[in-house]
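Coordinates from final_20.pdb are shown below (PDB, C-alpha atoms and all ligand atoms).
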```pdb
MODEL        1
ATOM      1  CA  MET A   1     109.169  73.732 144.106
ATOM      2  CA  ALA A   2     108.877  70.157 142.770
ATOM      3  CA  THR A   3     111.957  68.777 140.968
ATOM      4  CA  LEU A   4     111.981  70.179 137.482
ATOM      5  CA  ARG A   5     113.099  68.407 134.329
ATOM      6  CA  VAL A   6     114.663  71.108 132.157
ATOM      7  CA  GLU A   7     115.525  70.349 128.535
ATOM      8  CA  ILE A   8     116.949  72.454 125.706
ATOM      9  CA  ASP A   9     115.558  71.829 122.225
ATOM     10  CA  SER A  10     118.404  70.239 120.272
ATOM     11  CA  ASN A  11     117.118  71.795 117.015
ATOM     12  CA  SER A  12     117.156  75.358 118.363
ATOM     13  CA  GLY A  13     120.096  77.706 118.051
ATOM     14  CA  PHE A  14     121.857  79.355 115.126
ATOM     15  CA  CYS A  15     120.898  78.427 111.585
ATOM     16  CA  PHE A  16     123.775  77.731 109.181
ATOM     17  CA  GLY A  17     123.565  81.275 107.745
ATOM     18  CA  VAL A  18     124.250  82.833 111.132
ATOM     19  CA  VAL A  19     126.923  80.274 112.048
ATOM     20  CA  TYR A  20     128.742  81.141 108.811
ATOM     21  CA  ALA A  21     128.603  84.927 109.451
ATOM     22  CA  ILE A  22     129.813  84.621 113.045
ATOM     23  CA  GLU A  23     132.629  82.233 112.133
ATOM     24  CA  MET A  24     133.800  84.668 109.442
ATOM     25  CA  ALA A  25     133.684  87.576 111.892
ATOM     26  CA  GLU A  26     135.552  85.718 114.632
ATOM     27  CA  GLU A  27     138.275  84.622 112.244
ATOM     28  CA  ILE A  28     138.989  88.227 111.250
ATOM     29  CA  LEU A  29     138.639  89.518 114.812
ATOM     30  CA  ASP A  30     141.265  86.988 115.927
ATOM     31  CA  GLU A  31     143.583  88.205 113.136
ATOM     32  CA  GLN A  32     143.207  91.976 113.284
ATOM     33  CA  GLY A  33     141.412  92.756 116.570
ATOM     34  CA  HIS A  34     138.643  94.801 114.988
ATOM     35  CA  LEU A  35     136.061  94.515 112.229
ATOM     36  CA  TYR A  36     133.198  96.717 111.053
ATOM     37  CA  CYS A  37     129.829  95.053 110.552
ATOM     38  CA  LEU A  38     126.976  96.695 108.674
ATOM     39  CA  GLY A  39     124.001  96.306 111.053
ATOM     40  CA  ASP A  40     123.673  93.860 113.952
ATOM     41  CA  ILE A  41     125.485  90.681 112.933
ATOM     42  CA  VAL A  42     122.615  88.724 114.481
ATOM     43  CA  HIS A  43     119.337  89.928 116.050
ATOM     44  CA  ASN A  44     120.498  89.011 119.500
ATOM     45  CA  ASP A  45     121.890  91.715 121.787
ATOM     46  CA  GLU A  46     123.680  89.234 124.049
ATOM     47  CA  GLU A  47     125.626  87.694 121.168
ATOM     48  CA  VAL A  48     126.348  91.122 119.669
ATOM     49  CA  SER A  49     127.794  92.264 123.046
ATOM     50  CA  ARG A  50     130.002  89.169 123.177
ATOM     51  CA  LEU A  51     131.408  89.944 119.716
ATOM     52  CA  GLU A  52     131.750  93.673 120.431
ATOM     53  CA  ALA A  53     133.968  92.761 123.364
ATOM     54  CA  LYS A  54     136.227  91.008 120.812
ATOM     55  CA  GLY A  55     136.407  94.148 118.635
ATOM     56  CA  LEU A  56     133.318  94.031 116.408
ATOM     57  CA  ARG A  57     132.077  97.539 115.545
ATOM     58  CA  ILE A  58     128.472  97.741 114.399
ATOM     59  CA  ILE A  59     127.837 100.549 111.932
ATOM     60  CA  ASN A  60     124.864 101.762 109.903
ATOM     61  CA  HIS A  61     124.641 102.867 106.267
ATOM     62  CA  ALA A  62     125.351 106.511 107.137
ATOM     63  CA  ASP A  63     128.559 105.432 108.935
ATOM     64  CA  LEU A  64     129.518 103.309 105.926
ATOM     65  CA  ALA A  65     129.364 106.335 103.636
ATOM     66  CA  GLY A  66     132.056 107.996 105.752
ATOM     67  CA  LEU A  67     134.328 104.959 106.045
ATOM     68  CA  HIS A  68     137.345 104.310 103.765
ATOM     69  CA  GLY A  69     139.897 101.546 103.314
ATOM     70  CA  GLU A  70     138.475  99.189 105.971
ATOM     71  CA  LYS A  71     137.104  95.654 106.024
ATOM     72  CA  VAL A  72     133.327  95.553 106.471
ATOM     73  CA  LEU A  73     131.285  92.427 107.091
ATOM     74  CA  ILE A  74     127.977  91.992 105.272
ATOM     75  CA  ARG A  75     125.755  89.933 107.555
ATOM     76  CA  ALA A  76     123.516  86.997 106.611
ATOM     77  CA  HIS A  77     120.557  89.243 105.615
ATOM     78  CA  GLY A  78     122.435  90.459 102.529
ATOM     79  CA  GLU A  79     122.561  93.958 101.068
ATOM     80  CA  PRO A  80     121.202  95.795  98.007
ATOM     81  CA  PRO A  81     123.477  96.531  95.007
ATOM     82  CA  SER A  82     123.910 100.157  96.196
ATOM     83  CA  THR A  83     125.996  98.929  99.166
ATOM     84  CA  TYR A  84     128.428  97.078  96.873
ATOM     85  CA  LYS A  85     128.760 100.197  94.731
ATOM     86  CA  LEU A  86     129.471 102.374  97.763
ATOM     87  CA  ALA A  87     132.125  99.894  98.916
ATOM     88  CA  LEU A  88     133.883 100.209  95.554
ATOM     89  CA  ASP A  89     133.723 104.004  95.693
ATOM     90  CA  ASN A  90     135.111 104.068  99.262
ATOM     91  CA  ASP A  91     137.803 101.459  98.728
ATOM     92  CA  LEU A  92     136.200  99.181 101.317
ATOM     93  CA  GLU A  93     136.861  95.442 101.413
ATOM     94  CA  LEU A  94     133.535  93.687 101.893
ATOM     95  CA  ILE A  95     133.609  90.410 103.785
ATOM     96  CA  ASP A  96     130.429  89.017 102.327
ATOM     97  CA  ALA A  97     128.657  86.704 104.771
ATOM     98  CA  SER A  98     125.297  87.009 103.001
ATOM     99  CA  CYS A  99     123.481  83.737 103.538
ATOM    100  CA  PRO A 100     123.482  81.574 100.366
ATOM    101  CA  VAL A 101     119.699  81.162 100.733
ATOM    102  CA  VAL A 102     119.244  84.945 100.689
ATOM    103  CA  LEU A 103     121.642  85.379  97.752
ATOM    104  CA  LYS A 104     119.654  82.838  95.742
ATOM    105  CA  LEU A 105     116.432  84.697  96.532
ATOM    106  CA  GLN A 106     118.018  88.010  95.488
ATOM    107  CA  ASN A 107     118.996  86.420  92.157
ATOM    108  CA  ARG A 108     115.534  85.028  91.535
ATOM    109  CA  ILE A 109     113.929  88.380  92.254
ATOM    110  CA  ARG A 110     116.392  90.180  89.999
ATOM    111  CA  ASN A 111     115.627  87.717  87.167
ATOM    112  CA  SER A 112     111.874  88.223  87.615
ATOM    113  CA  PHE A 113     112.347  91.982  87.627
ATOM    114  CA  GLU A 114     114.438  91.861  84.457
ATOM    115  CA  LYS A 115     111.620  89.891  82.786
ATOM    116  CA  GLY A 116     109.253  92.759  83.601
ATOM    117  CA  GLN A 117     107.037  90.806  86.027
ATOM    118  CA  ASP A 118     104.801  92.573  88.584
ATOM    119  CA  LEU A 119     106.523  91.683  91.858
ATOM    120  CA  PHE A 120     104.965  91.329  95.294
ATOM    121  CA  ILE A 121     107.053  90.406  98.341
ATOM    122  CA  LEU A 122     105.507  89.152 101.563
ATOM    123  CA  GLY A 123     107.877  90.758 104.060
ATOM    124  CA  LYS A 124     108.456  93.404 106.648
ATOM    125  CA  PRO A 125     108.997  96.867 105.134
ATOM    126  CA  GLY A 126     112.356  98.284 106.218
ATOM    127  CA  HIS A 127     113.765  94.914 107.314
ATOM    128  CA  ALA A 128     117.386  94.556 106.185
ATOM    129  CA  GLU A 129     116.759  91.427 104.117
ATOM    130  CA  VAL A 130     113.759  93.076 102.441
ATOM    131  CA  GLU A 131     115.827  96.164 101.615
ATOM    132  CA  GLY A 132     118.329  93.847  99.917
ATOM    133  CA  LEU A 133     115.499  92.244  97.920
ATOM    134  CA  LEU A 134     113.896  95.556  96.957
ATOM    135  CA  GLY A 135     117.272  96.792  95.757
ATOM    136  CA  GLN A 136     117.182  94.087  93.053
ATOM    137  CA  THR A 137     114.070  95.735  91.616
ATOM    138  CA  ASP A 138     114.994  99.443  91.712
ATOM    139  CA  GLN A 139     112.547  99.701  94.650
ATOM    140  CA  LYS A 140     109.693  98.722  92.288
ATOM    141  CA  ALA A 141     108.433  95.553  94.029
ATOM    142  CA  ARG A 142     105.489  95.966  96.379
ATOM    143  CA  VAL A 143     106.263  94.836  99.958
ATOM    144  CA  PHE A 144     103.396  93.924 102.265
ATOM    145  CA  GLN A 145     103.069  92.136 105.602
ATOM    146  CA  ASP A 146      99.500  90.955 105.381
ATOM    147  CA  VAL A 147      97.170  90.279 102.479
ATOM    148  CA  GLY A 148      94.621  92.543 104.221
ATOM    149  CA  GLU A 149      96.806  95.527 103.268
ATOM    150  CA  LEU A 150      96.194  94.869  99.574
ATOM    151  CA  ASP A 151      93.167  95.939  97.581
ATOM    152  CA  LEU A 152      92.931  92.681  95.629
ATOM    153  CA  ALA A 153      90.410  94.047  93.124
ATOM    154  CA  THR A 154      92.887  96.651  91.859
ATOM    155  CA  LEU A 155      95.990  94.420  91.670
ATOM    156  CA  PRO A 156      97.379  93.289  88.303
ATOM    157  CA  ARG A 157      95.517  90.170  87.063
ATOM    158  CA  LYS A 158      98.874  88.374  86.802
ATOM    159  CA  LEU A 159     101.667  88.788  89.341
ATOM    160  CA  THR A 160     104.705  87.109  90.863
ATOM    161  CA  LEU A 161     104.801  86.471  94.588
ATOM    162  CA  TYR A 162     107.906  85.998  96.738
ATOM    163  CA  SER A 163     108.471  85.845 100.489
ATOM    164  CA  GLN A 164     111.089  87.113 102.903
ATOM    165  CA  THR A 165     112.913  83.993 104.120
ATOM    166  CA  THR A 166     111.636  84.198 107.706
ATOM    167  CA  LYS A 167     107.887  84.619 107.094
ATOM    168  CA  SER A 168     105.489  81.905 108.211
ATOM    169  CA  THR A 169     104.414  79.360 105.609
ATOM    170  CA  ASP A 170     100.785  79.642 106.814
ATOM    171  CA  ARG A 171     100.760  83.342 106.006
ATOM    172  CA  PHE A 172     102.336  82.746 102.609
ATOM    173  CA  TYR A 173      99.809  80.116 101.546
ATOM    174  CA  ASN A 174      96.860  82.084 102.960
ATOM    175  CA  THR A 175      98.027  85.052 100.884
ATOM    176  CA  LEU A 176      98.272  82.873  97.798
ATOM    177  CA  GLU A 177      94.764  81.472  98.310
ATOM    178  CA  ALA A 178      93.296  84.951  98.810
ATOM    179  CA  MET A 179      94.921  86.192  95.598
ATOM    180  CA  LYS A 180      93.754  83.176  93.600
ATOM    181  CA  SER A 181      90.216  83.498  94.982
ATOM    182  CA  ALA A 182      90.206  87.092  93.742
ATOM    183  CA  GLY A 183      90.859  85.741  90.223
ATOM    184  CA  ILE A 184      94.542  86.676  90.110
ATOM    185  CA  GLU A 185      96.997  84.439  88.271
ATOM    186  CA  VAL A 186      99.916  84.068  90.664
ATOM    187  CA  ASP A 187     103.406  82.815  89.922
ATOM    188  CA  ALA A 188     104.020  81.773  93.545
ATOM    189  CA  ASN A 189     107.543  81.292  94.865
ATOM    190  CA  ASP A 190     107.657  79.847  98.357
ATOM    191  CA  THR A 191     111.062  81.231  99.322
ATOM    192  CA  ILE A 192     110.721  80.693 103.049
ATOM    193  CA  CYS A 193     113.931  79.248 104.436
ATOM    194  CA  ARG A 194     113.607  75.604 105.441
ATOM    195  CA  GLN A 195     115.762  76.293 108.499
ATOM    196  CA  VAL A 196     112.788  78.391 109.621
ATOM    197  CA  SER A 197     109.803  76.448 108.298
ATOM    198  CA  ASN A 198     111.147  73.071 109.476
ATOM    199  CA  ARG A 199     111.753  74.544 112.895
ATOM    200  CA  ASP A 200     108.163  75.649 112.944
ATOM    201  CA  VAL A 201     107.041  72.016 112.626
ATOM    202  CA  GLU A 202     109.649  70.681 115.091
ATOM    203  CA  LEU A 203     108.810  73.360 117.661
ATOM    204  CA  ARG A 204     105.120  72.514 117.603
ATOM    205  CA  THR A 205     106.021  68.990 118.686
ATOM    206  CA  PHE A 206     108.652  70.131 121.194
ATOM    207  CA  ALA A 207     106.440  72.726 122.916
ATOM    208  CA  THR A 208     103.626  70.265 123.616
ATOM    209  CA  GLN A 209     105.932  67.966 125.592
ATOM    210  CA  PHE A 210     106.454  70.312 128.580
ATOM    211  CA  ASP A 211     104.338  71.997 131.255
ATOM    212  CA  VAL A 212     106.144  75.296 130.627
ATOM    213  CA  VAL A 213     108.144  76.546 127.649
ATOM    214  CA  VAL A 214     110.730  79.331 127.849
ATOM    215  CA  PHE A 215     111.481  80.854 124.460
ATOM    216  CA  VAL A 216     114.821  82.700 124.266
ATOM    217  CA  SER A 217     115.325  85.334 121.574
ATOM    218  CA  GLY A 218     116.387  88.898 120.888
ATOM    219  CA  LYS A 219     113.483  91.351 120.652
ATOM    220  CA  LYS A 220     114.560  92.445 117.137
ATOM    221  CA  SER A 221     114.392  88.966 115.624
ATOM    222  CA  SER A 222     111.476  88.534 113.171
ATOM    223  CA  ASN A 223     112.115  84.820 113.171
ATOM    224  CA  GLY A 224     111.987  84.858 117.001
ATOM    225  CA  ARG A 225     108.544  86.497 117.004
ATOM    226  CA  VAL A 226     107.191  83.957 114.517
ATOM    227  CA  LEU A 227     108.593  80.933 116.363
ATOM    228  CA  PHE A 228     107.501  82.228 119.786
ATOM    229  CA  GLU A 229     103.918  82.488 118.480
ATOM    230  CA  VAL A 230     104.196  78.947 117.114
ATOM    231  CA  CYS A 231     105.110  77.662 120.595
ATOM    232  CA  ARG A 232     102.443  79.719 122.340
ATOM    233  CA  SER A 233      99.762  78.501 119.933
ATOM    234  CA  VAL A 234     100.298  74.910 121.116
ATOM    235  CA  ASN A 235     101.343  75.647 124.712
ATOM    236  CA  PRO A 236      99.810  78.750 126.368
ATOM    237  CA  GLN A 237     102.395  78.451 129.191
ATOM    238  CA  THR A 238     105.105  79.809 126.906
ATOM    239  CA  TYR A 239     107.237  82.770 128.045
ATOM    240  CA  PHE A 240     109.526  85.018 125.998
ATOM    241  CA  VAL A 241     112.881  86.071 127.495
ATOM    242  CA  THR A 242     115.951  87.773 126.097
ATOM    243  CA  ASN A 243     118.282  86.549 128.864
ATOM    244  CA  ALA A 244     118.428  84.464 132.057
ATOM    245  CA  ALA A 245     117.762  87.444 134.364
ATOM    246  CA  GLU A 246     114.234  87.816 132.921
ATOM    247  CA  VAL A 247     113.139  84.322 133.991
ATOM    248  CA  LEU A 248     110.713  84.431 136.954
ATOM    249  CA  PRO A 249     110.395  81.560 139.480
ATOM    250  CA  GLU A 250     106.578  81.836 139.697
ATOM    251  CA  TRP A 251     106.248  80.600 136.089
ATOM    252  CA  PHE A 252     107.211  77.105 137.274
ATOM    253  CA  LEU A 253     104.953  76.676 140.313
ATOM    254  CA  GLY A 254     103.316  73.261 140.050
ATOM    255  CA  ALA A 255     105.262  72.427 136.879
ATOM    256  CA  THR A 256     107.403  69.309 136.528
ATOM    257  CA  SER A 257     108.924  69.900 133.096
ATOM    258  CA  VAL A 258     110.327  72.915 131.240
ATOM    259  CA  GLY A 259     111.388  73.103 127.609
ATOM    260  CA  ILE A 260     113.832  75.776 126.438
ATOM    261  CA  CYS A 261     113.990  76.752 122.798
ATOM    262  CA  GLY A 262     114.900  79.724 120.647
ATOM    263  CA  ALA A 263     115.150  81.387 117.270
ATOM    264  CA  THR A 264     117.648  80.855 114.469
ATOM    265  CA  SER A 265     119.518  83.838 115.985
ATOM    266  CA  THR A 266     119.667  82.524 119.565
ATOM    267  CA  PRO A 267     123.093  81.298 120.690
ATOM    268  CA  MET A 268     123.243  77.959 122.462
ATOM    269  CA  TRP A 269     125.244  79.483 125.362
ATOM    270  CA  LEU A 270     122.310  81.796 126.115
ATOM    271  CA  MET A 271     119.858  78.888 126.308
ATOM    272  CA  GLU A 272     122.344  77.081 128.615
ATOM    273  CA  ASP A 273     122.367  80.219 130.840
ATOM    274  CA  VAL A 274     118.577  80.171 131.003
ATOM    275  CA  LYS A 275     118.644  76.464 131.865
ATOM    276  CA  GLY A 276     121.083  77.134 134.709
ATOM    277  CA  GLN A 277     118.867  79.919 136.044
ATOM    278  CA  ILE A 278     115.731  77.739 136.044
ATOM    279  CA  GLU A 279     117.583  74.881 137.757
ATOM    280  CA  SER A 280     118.789  77.313 140.438
ATOM    281  CA  PHE A 281     115.130  77.846 141.451
ATOM    282  CA  GLY A 282     114.776  74.150 142.331
TER
HETATM  283  S1  LIG A 301     117.185  81.711 108.495
HETATM  284 FE1  LIG A 301     117.724  80.682 106.578
HETATM  285  S2  LIG A 301     117.933  82.359 105.107
HETATM  286 FE2  LIG A 301     118.040  83.277 107.128
HETATM  287  S3  LIG A 301     120.218  83.332 107.613
HETATM  288 FE3  LIG A 301     119.409  81.441 108.465
HETATM  289  S4  LIG A 301     119.801  79.866 106.884
HETATM  290 FE4  LIG A 301     119.970  81.895 105.913
ENDMDL
END
```

Before anything else, please render the file you have as structure tokens.
Amino acid sequence: MATLRVEIDSNSGFCFGVVYAIEMAEEILDEQGHLYCLGDIVHNDEEVSRLEAKGLRIINHADLAGLHGEKVLIRAHGEPPSTYKLALDNDLELIDASCPVVLKLQNRIRNSFEKGQDLFILGKPGHAEVEGLLGQTDQKARVFQDVGELDLATLPRKLTLYSQTTKSTDRFYNTLEAMKSAGIEVDANDTICRQVSNRDVELRTFATQFDVVVFVSGKKSSNGRVLFEVCRSVNPQTYFVTNAAEVLPEWFLGATSVGICGATSTPMWLMEDVKGQIESFG
């Protein structure tokens, strides 16, 4: 194999929301040796395993209902008001690592709901962040993933549109255009996180600079799926891996340069691992 130049994208890796949640968790783990976390702290199995080895215990909402008198971390995605109420009832101490960007979005949605607006959220039904947003509206907002799911002719003639923070800006603005073209008056709120949308732009540039791109992400990361597709749209030689063991040497035959990048939930150490693996093929 020809000598390969392998480079990690300096803009990839954890966003500030995830950094904040993991720092909070590690601080408490160092102090007390264990900590409950409601849902995966980050959509990356490798990073979750690393933290579990330090004493992190991932629980779900059913587990939370049976837990009393413990500290429980709320991850960056945030939670609906019902979780805070349950914590009070069960004498739980919540360590709230909800991302400030998500908290602001929750507040805006709650304000819109209290004003009686018809709310539509571009987001993935069932996603933890979306559950937190829906909880601000007594489950009344309509969540959809694609404008094609909506029968535009029967929608209210005036509505308020929000987005889950990790959706693509293209999809948001296409949705807005389709609604406007159908004669709907839309109060549009582009609430896509700039840590995601800026990365979108940066990744397009990064991915075109290499013969092959290896995108590192957990399979459960919505943001990872979006950003992987961004890379593949500009460089068809883009491969998705969750860890170094999944990298195959035949991807690099005839290539002279490889770019490694990842989602806002991909730890830098994992991208370094992948880099080491690719260099070992040389
Ligand atoms: S992607 Fe943005 S909104 Fe989501 S956790 Fe990171 S900083 Fe917060």

May I have the residues within 12 Å of A:Phe16 as number ranges by chain, using all atoms listed in the file and disregarding those fewer than 5 positions away in the same chain? A: 11, 21-23, 76, 97-101, 193-196, 264-265

Would you mind exporting the chosen residues as a compact mmCIF listing (two decimals), in the frame of the given file, restricted to C-alpha atoms?
```
# COMPACT_ATOMS: atom_id res chain seq x y z
CA ASN A 11 117.12 71.80 117.02
CA ALA A 21 128.60 84.93 109.45
CA ILE A 22 129.81 84.62 113.04
CA GLU A 23 132.63 82.23 112.13
CA ALA A 76 123.52 87.00 106.61
CA ALA A 97 128.66 86.70 104.77
CA SER A 98 125.30 87.01 103.00
CA CYS A 99 123.48 83.74 103.54
CA PRO A 100 123.48 81.57 100.37
CA VAL A 101 119.70 81.16 100.73
CA CYS A 193 113.93 79.25 104.44
CA ARG A 194 113.61 75.60 105.44
CA GLN A 195 115.76 76.29 108.50
CA VAL A 196 112.79 78.39 109.62
CA THR A 264 117.65 80.86 114.47
CA SER A 265 119.52 83.84 115.98
```

Given the PyMOL selection byres (((chain A and resi 198) around 12) and not hetatm), the residues it picks as a list in words: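 Selected by the PyMOL selection byres (((chain A and resi 198) around 12) and not hetatm) in this file: Asn11, Ser12, Cys15, Thr166, Ser168, Thr169, Ile192, Cys193, Arg194, Gln195, Val196, Ser197, Arg199, Asp200, Val201, Glu202, Leu203, Arg204, Thr205, Leu227, Val230 and Thr264 of chain A.
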
Could you write out as a PyMOL selection string the residues that the PyMOL selection byres (((chain A and resi 114-131) around 6) and not hetatm) matches in the shown file? chain A and resi 77-78+111-113+132-134+141-145+159-164

For each of A:Lys167, A:His68, A:Arg5, A:Arg110, take the minimum atom-to-atom distance to ligand LIG 301 (chain A), counting only C-alpha atoms and all ligand atoms, then give the residue where this is smallest. A:Lys167

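On the file presented, the PyMOL selection byres (((chain A and resi 175) around 10) and not hetatm) picks out Leu122, Gln145, Asp146, Val147, Gly148, Leu161, Thr169, Asp170, Arg171, Phe172, Tyr173, Asn174, Leu176, Glu177, Ala178, Met179, Lys180 and Ser181 of chain A.
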
I need the residue nearest A:Asn243 from this list: A:Ser222, A:Gln32, A:Thr165, A:Ser217. Use all atoms listed in the file for the distance.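 Checking each candidate against A:Asn243, we get A:Ser217 as the closest.
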
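Using only C-alpha atoms, the smallest distance between any of A:Val226, A:Val213, A:Val102, A:Val19 and A:Tyr239 comes from A:Val213.
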
What does the distance between atom CA of A:Glu279 and atom CA of A:Asn223 come to in Å, to one decimal place?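 These atoms are spaced 27.1 Å apart.
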
Of A:Glu185, A:Ile8, A:Val247, A:Ile74, the one nearest to ligand LIG 301 (chain A) when counting only C-alpha atoms and all ligand atoms is A:Ile74

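The nearest approach to A:Asn189 among the residues A:Ile260, A:Ala244, A:Ile28, A:Ile109, with only C-alpha atoms taken into account, belongs to A:Ile109.
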
Using only C-alpha atoms and all ligand atoms, pick whichever of A:Thr242, A:Gln106, A:Ser280, A:Thr208 has the shortest atom-to-atom distance to ligand LIG 301 (chain A).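 Of A:Thr242, A:Gln106, A:Ser280, A:Thr208, the one nearest ligand LIG 301 (chain A) is A:Gln106, counting only C-alpha atoms and all ligand atoms.
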
Neighbouring residues of A:Glu229 were defined as those with any atom within 10 Å, considering all atoms listed in the file; residues of the same chain fewer than 6 positions away were excluded. Please report them as number ranges by chain. A: 200, 215, 235-236, 238, 240

Would you save the residues of that selection, restricted to C-alpha atoms, as a CSV table (one decimal), in the coordinates of the input?
```csv
chain,number,residue,atom,x,y,z
A,200,ASP,CA,108.2,75.6,112.9
A,215,PHE,CA,111.5,80.9,124.5
A,235,ASN,CA,101.3,75.6,124.7
A,236,PRO,CA,99.8,78.8,126.4
A,238,THR,CA,105.1,79.8,126.9
A,240,PHE,CA,109.5,85.0,126.0
```

Which value, in Å to one decimal, gives the distance between atom CA of A:Ser233 and atom CA of A:His43? 23.0 Å
